[in-house]
Amino acid sequence: MLKALRNDYAAAVNKDMKKPEEEIFFTDIRFTDHEIGHTTRHLEEWMSPSKIKTDAAYASDDVHMYPEPRGVVMIFGAWNYPLQLTMIPLIGAIAAGCCAVIKPSELVPHSTAVIVKYFREFMDPDCYRILQGGPDIAMKLMEQRWDHVFFTGSSAIGKKVAAKAAANLIS
């Protein structure tokens, strides 16, 4: 997906923020690509059961922790690094076996349009959805129950998101 969207995305970010292509490549695309590589290299290890140390009372027990998916993730993208701050939480969600809904920032419409286009082309809609809209859509999304919420943005909006998330006891 990153290879396919690179040129369109660079042009879109330039329209939205006047960032040069080199900066876009290093701070958004390459950073995201690095996270994919890091996750791929460590995924087998992260998926493996891990032995848990116990106290003397349970010394004869063989205790292990088995990683498992922990539900559905809501990811709110940010305007300043639209791809990186949307896709890196998604990479983690995918690695954890979770489904996800993504709402990119409405403040960078050209960048968001490219992310939406390629997301819909490459991602399985049975597990991963992307929605567009402003703060009204974000607050409606927060009325839903999510198992995890990723938010990057202002403290004022973050407090609203955290309050809505706390109402559902999510992480």
# chains A, B, ... in the order shown; residues from 1 in each chain; ligands from 1
>>> closest_atom_pairs(of="stretch 61-131 of chain A", to="stretch 147-167 of chain A", cutoff="12 Å", atoms="only C-alpha atoms", output="tab-separated table")
residue	atom	partner	partner_atom	distance
A:Pro69	CA	A:Asp147	CA	10.3
A:Arg70	CA	A:Asp147	CA	6.9
A:Gly71	CA	A:Asp147	CA	5.3
A:Val72	CA	A:Asp147	CA	5.3
A:Val73	CA	A:His148	CA	4.8
A:Met74	CA	A:Val149	CA	4.7
A:Ile75	CA	A:Phe150	CA	4.8
A:Phe76	CA	A:Phe151	CA	5.1
A:Gly77	CA	A:Thr152	CA	6.7
A:Ala78	CA	A:Thr152	CA	5.8
A:Trp79	CA	A:Gly153	CA	8.4
A:Asn80	CA	A:Gly153	CA	9.4
A:Tyr81	CA	A:Thr152	CA	10.1
A:Pro82	CA	A:Thr152	CA	10.5
A:Gln84	CA	A:Thr152	CA	11.1
A:Leu85	CA	A:Thr152	CA	7.4
A:Thr86	CA	A:Phe150	CA	8.9
A:Met87	CA	A:Phe150	CA	10.9
A:Ile88	CA	A:Phe150	CA	10.2
A:Pro89	CA	A:Phe150	CA	7.0
A:Leu90	CA	A:Phe150	CA	9.3
A:Gly92	CA	A:Phe150	CA	10.8
A:Ala93	CA	A:His148	CA	9.3
A:Ala96	CA	A:His148	CA	11.7
A:Cys98	CA	A:Asp147	CA	9.5
A:Cys99	CA	A:Asp147	CA	10.1
A:Ala100	CA	A:His148	CA	9.3
A:Val101	CA	A:Val149	CA	9.7
A:Ile102	CA	A:Phe150	CA	9.5
A:Lys103	CA	A:Phe151	CA	10.0
A:Pro104	CA	A:Phe151	CA	10.5
A:Ser105	CA	A:Gly153	CA	9.8
A:Leu107	CA	A:Gly153	CA	11.7
>>> residues_around(residues="A:Glu68", least_positions_apart="5", cutoff="12 Å", atoms="only C-alpha atoms", output="JSON, numbers by chain")
{"A": [46, 47, 48, 49, 93, 94, 95, 96, 97, 98]}
>>> write_last_selection(atoms="N, CA, C and O atoms", output="PDB file, in the first residue's frame")
ATOM      1  N   TRP A  46       6.183 -12.028  19.378  1.00  0.00           N
ATOM      2  CA  TRP A  46       5.074 -11.435  20.119  1.00  0.00           C
ATOM      3  C   TRP A  46       3.882 -12.394  20.213  1.00  0.00           C
ATOM      4  O   TRP A  46       3.121 -12.344  21.173  1.00  0.00           O
ATOM      5  N   MET A  47       3.727 -13.240  19.213  1.00  0.00           N
ATOM      6  CA  MET A  47       2.599 -14.179  19.196  1.00  0.00           C
ATOM      7  C   MET A  47       2.856 -15.425  20.034  1.00  0.00           C
ATOM      8  O   MET A  47       1.918 -16.157  20.351  1.00  0.00           O
ATOM      9  N   SER A  48       4.084 -15.666  20.378  1.00  0.00           N
ATOM     10  CA  SER A  48       4.441 -16.882  21.114  1.00  0.00           C
ATOM     11  C   SER A  48       4.034 -16.787  22.580  1.00  0.00           C
ATOM     12  O   SER A  48       4.114 -15.723  23.186  1.00  0.00           O
ATOM     13  N   PRO A  49       3.633 -17.911  23.156  1.00  0.00           N
ATOM     14  CA  PRO A  49       3.343 -17.915  24.594  1.00  0.00           C
ATOM     15  C   PRO A  49       4.607 -17.576  25.380  1.00  0.00           C
ATOM     16  O   PRO A  49       5.716 -17.919  24.969  1.00  0.00           O
ATOM     17  N   ALA A  93      -2.659  -2.810  15.677  1.00  0.00           N
ATOM     18  CA  ALA A  93      -3.955  -3.492  15.780  1.00  0.00           C
ATOM     19  C   ALA A  93      -3.967  -4.761  14.937  1.00  0.00           C
ATOM     20  O   ALA A  93      -4.422  -5.816  15.385  1.00  0.00           O
ATOM     21  N   ILE A  94      -3.449  -4.670  13.725  1.00  0.00           N
ATOM     22  CA  ILE A  94      -3.393  -5.840  12.844  1.00  0.00           C
ATOM     23  C   ILE A  94      -2.501  -6.908  13.461  1.00  0.00           C
ATOM     24  O   ILE A  94      -2.865  -8.085  13.509  1.00  0.00           O
ATOM     25  N   ALA A  95      -1.340  -6.500  13.957  1.00  0.00           N
ATOM     26  CA  ALA A  95      -0.413  -7.458  14.577  1.00  0.00           C
ATOM     27  C   ALA A  95      -1.053  -8.153  15.773  1.00  0.00           C
ATOM     28  O   ALA A  95      -0.788  -9.323  16.034  1.00  0.00           O
ATOM     29  N   ALA A  96      -1.909  -7.438  16.494  1.00  0.00           N
ATOM     30  CA  ALA A  96      -2.575  -8.008  17.664  1.00  0.00           C
ATOM     31  C   ALA A  96      -3.803  -8.828  17.290  1.00  0.00           C
ATOM     32  O   ALA A  96      -4.419  -9.433  18.157  1.00  0.00           O
ATOM     33  N   GLY A  97      -4.149  -8.843  15.998  1.00  0.00           N
ATOM     34  CA  GLY A  97      -5.313  -9.606  15.557  1.00  0.00           C
ATOM     35  C   GLY A  97      -6.623  -8.891  15.758  1.00  0.00           C
ATOM     36  O   GLY A  97      -7.690  -9.514  15.762  1.00  0.00           O
ATOM     37  N   CYS A  98      -6.581  -7.589  15.920  1.00  0.00           N
ATOM     38  CA  CYS A  98      -7.794  -6.804  16.163  1.00  0.00           C
ATOM     39  C   CYS A  98      -8.334  -6.202  14.868  1.00  0.00           C
ATOM     40  O   CYS A  98      -7.571  -5.890  13.956  1.00  0.00           O
TER      41      CYS A  98
END
>>> residues_around(residues="A:Asn7", least_positions_apart="4", cutoff="10 Å", atoms="only C-alpha atoms", output="ChimeraX atom specification")
/A:2-3,11-12,21,25,114
>>> write_last_selection(atoms="N, CA, C and O atoms", output="mmCIF file, in the first residue's frame")
data_model
loop_
_atom_site.group_PDB
_atom_site.id
_atom_site.type_symbol
_atom_site.label_atom_id
_atom_site.label_comp_id
_atom_site.auth_asym_id
_atom_site.auth_seq_id
_atom_site.Cartn_x
_atom_site.Cartn_y
_atom_site.Cartn_z
ATOM 1 N N LEU A 2 1.934 1.256 0.809
ATOM 2 C CA LEU A 2 2.789 2.443 0.879
ATOM 3 C C LEU A 2 3.443 2.756 -0.460
ATOM 4 O O LEU A 2 3.540 3.920 -0.851
ATOM 5 N N LYS A 3 3.899 1.713 -1.154
ATOM 6 C CA LYS A 3 4.523 1.930 -2.461
ATOM 7 C C LYS A 3 3.521 2.485 -3.454
ATOM 8 O O LYS A 3 3.837 3.363 -4.248
ATOM 9 N N ALA A 11 1.917 14.412 -3.221
ATOM 10 C CA ALA A 11 1.257 15.555 -3.861
ATOM 11 C C ALA A 11 0.122 16.089 -2.986
ATOM 12 O O ALA A 11 -0.066 17.304 -2.861
ATOM 13 N N ALA A 12 -0.624 15.196 -2.364
ATOM 14 C CA ALA A 12 -1.742 15.603 -1.519
ATOM 15 C C ALA A 12 -1.264 16.352 -0.277
ATOM 16 O O ALA A 12 -1.832 17.387 0.089
ATOM 17 N N GLU A 21 8.512 16.997 -0.680
ATOM 18 C CA GLU A 21 8.428 15.546 -0.847
ATOM 19 C C GLU A 21 9.422 14.798 0.041
ATOM 20 O O GLU A 21 9.098 13.744 0.591
ATOM 21 N N PHE A 25 8.462 11.938 2.710
ATOM 22 C CA PHE A 25 9.013 10.587 2.605
ATOM 23 C C PHE A 25 9.640 10.144 3.928
ATOM 24 O O PHE A 25 9.361 9.062 4.427
ATOM 25 N N VAL A 114 -6.451 10.551 -0.266
ATOM 26 C CA VAL A 114 -5.505 9.540 -0.757
ATOM 27 C C VAL A 114 -5.464 8.350 0.195
ATOM 28 O O VAL A 114 -5.495 7.189 -0.242
#
>>> closest_residue(among="A:Val108, A:Val116, A:Asp124, A:Leu141", to="A:Asn14", atoms="only C-alpha atoms")
A:Val108
>>> select_by_dssp(residues="chain A", states="strand (DSSP E or B)", output="PyMOL selection string")
chain A and resi 50-51+64-65+72-76+99-103+128-130+148-151
>>> write_last_selection(atoms="N, CA and C atoms", output="CSV table (one decimal), in the first residue's frame")
chain,number,residue,atom,x,y,z
A,50,SER,N,4.4,-16.9,26.5
A,50,SER,CA,5.6,-16.6,27.3
A,50,SER,C,5.4,-17.2,28.7
A,51,LYS,N,6.5,-17.7,29.2
A,51,LYS,CA,6.5,-18.4,30.5
A,51,LYS,C,6.4,-17.3,31.6
A,64,HIS,N,1.9,-20.1,31.6
A,64,HIS,CA,2.2,-19.4,30.4
A,64,HIS,C,1.1,-18.3,30.1
A,65,MET,N,1.5,-17.3,29.5
A,65,MET,CA,0.6,-16.3,29.0
A,65,MET,C,0.5,-16.4,27.5
A,72,VAL,N,-12.0,-4.6,19.2
A,72,VAL,CA,-12.0,-3.7,18.1
A,72,VAL,C,-11.4,-2.3,18.5
A,73,VAL,N,-10.6,-1.8,17.6
A,73,VAL,CA,-9.8,-0.6,17.9
A,73,VAL,C,-10.4,0.6,17.1
A,74,MET,N,-10.5,1.8,17.7
A,74,MET,CA,-10.9,3.0,17.0
A,74,MET,C,-9.6,3.9,17.0
A,75,ILE,N,-9.3,4.3,15.7
A,75,ILE,CA,-8.1,5.1,15.5
A,75,ILE,C,-8.4,6.5,14.9
A,76,PHE,N,-8.1,7.5,15.7
A,76,PHE,CA,-8.3,8.9,15.2
A,76,PHE,C,-7.0,9.4,14.6
A,99,CYS,N,-9.6,-6.0,14.8
A,99,CYS,CA,-10.3,-5.3,13.7
A,99,CYS,C,-10.2,-3.8,14.1
A,100,ALA,N,-10.3,-2.9,13.2
A,100,ALA,CA,-10.2,-1.5,13.5
A,100,ALA,C,-11.0,-0.6,12.6
A,101,VAL,N,-11.4,0.6,13.1
A,101,VAL,CA,-12.1,1.6,12.4
A,101,VAL,C,-11.1,2.8,12.5
A,102,ILE,N,-11.0,3.5,11.3
A,102,ILE,CA,-10.1,4.6,11.3
A,102,ILE,C,-10.8,5.8,10.8
A,103,LYS,N,-10.6,7.0,11.5
A,103,LYS,CA,-11.1,8.3,11.1
A,103,LYS,C,-10.0,9.2,10.9
A,128,TYR,N,-11.5,-4.0,8.6
A,128,TYR,CA,-10.9,-2.7,8.7
A,128,TYR,C,-11.8,-1.7,7.9
A,129,ARG,N,-12.2,-0.6,8.6
A,129,ARG,CA,-13.1,0.4,8.0
A,129,ARG,C,-12.5,1.7,8.1
A,130,ILE,N,-12.8,2.6,7.2
A,130,ILE,CA,-12.3,4.0,7.3
A,130,ILE,C,-13.5,4.9,7.1
A,148,HIS,N,-10.3,-0.5,22.4
A,148,HIS,CA,-9.1,0.4,22.5
A,148,HIS,C,-9.4,1.6,21.6
A,149,VAL,N,-8.9,2.8,22.0
A,149,VAL,CA,-9.0,4.0,21.3
A,149,VAL,C,-7.6,4.6,21.2
A,150,PHE,N,-7.2,5.0,19.9
A,150,PHE,CA,-5.9,5.7,19.7
A,150,PHE,C,-6.3,7.1,19.3
A,151,PHE,N,-5.8,8.1,20.0
A,151,PHE,CA,-6.1,9.5,19.6
A,151,PHE,C,-4.8,10.3,19.7
>>> atom_distance(atom1="atom CA of A:Lys117", atom2="atom CA of A:Gly133")
14.9 Å
>>> residues_around(residues="A:Met1", least_positions_apart="4", cutoff="7 Å", atoms="only C-alpha atoms", output="list of chain:residue names")
A:Leu5, A:Tyr118, A:Phe122
>>> atom_distance(atom1="atom CA of A:Glu22", atom2="atom CA of A:Ala10")
8.9 Å
>>> select_by_dssp(residues="stretch 117-148 of chain A", states="helix (DSSP H, G or I)", output="list in words")
Lys117, Tyr118, Phe119, Arg120, Glu121, Phe122, Pro135, Asp136, Ile137, Ala138, Met139, Lys140 and Leu141 of chain A
>>> atom_distance(atom1="atom CA of A:Pro109", atom2="atom CA of A:Pro135")
13.9 Å
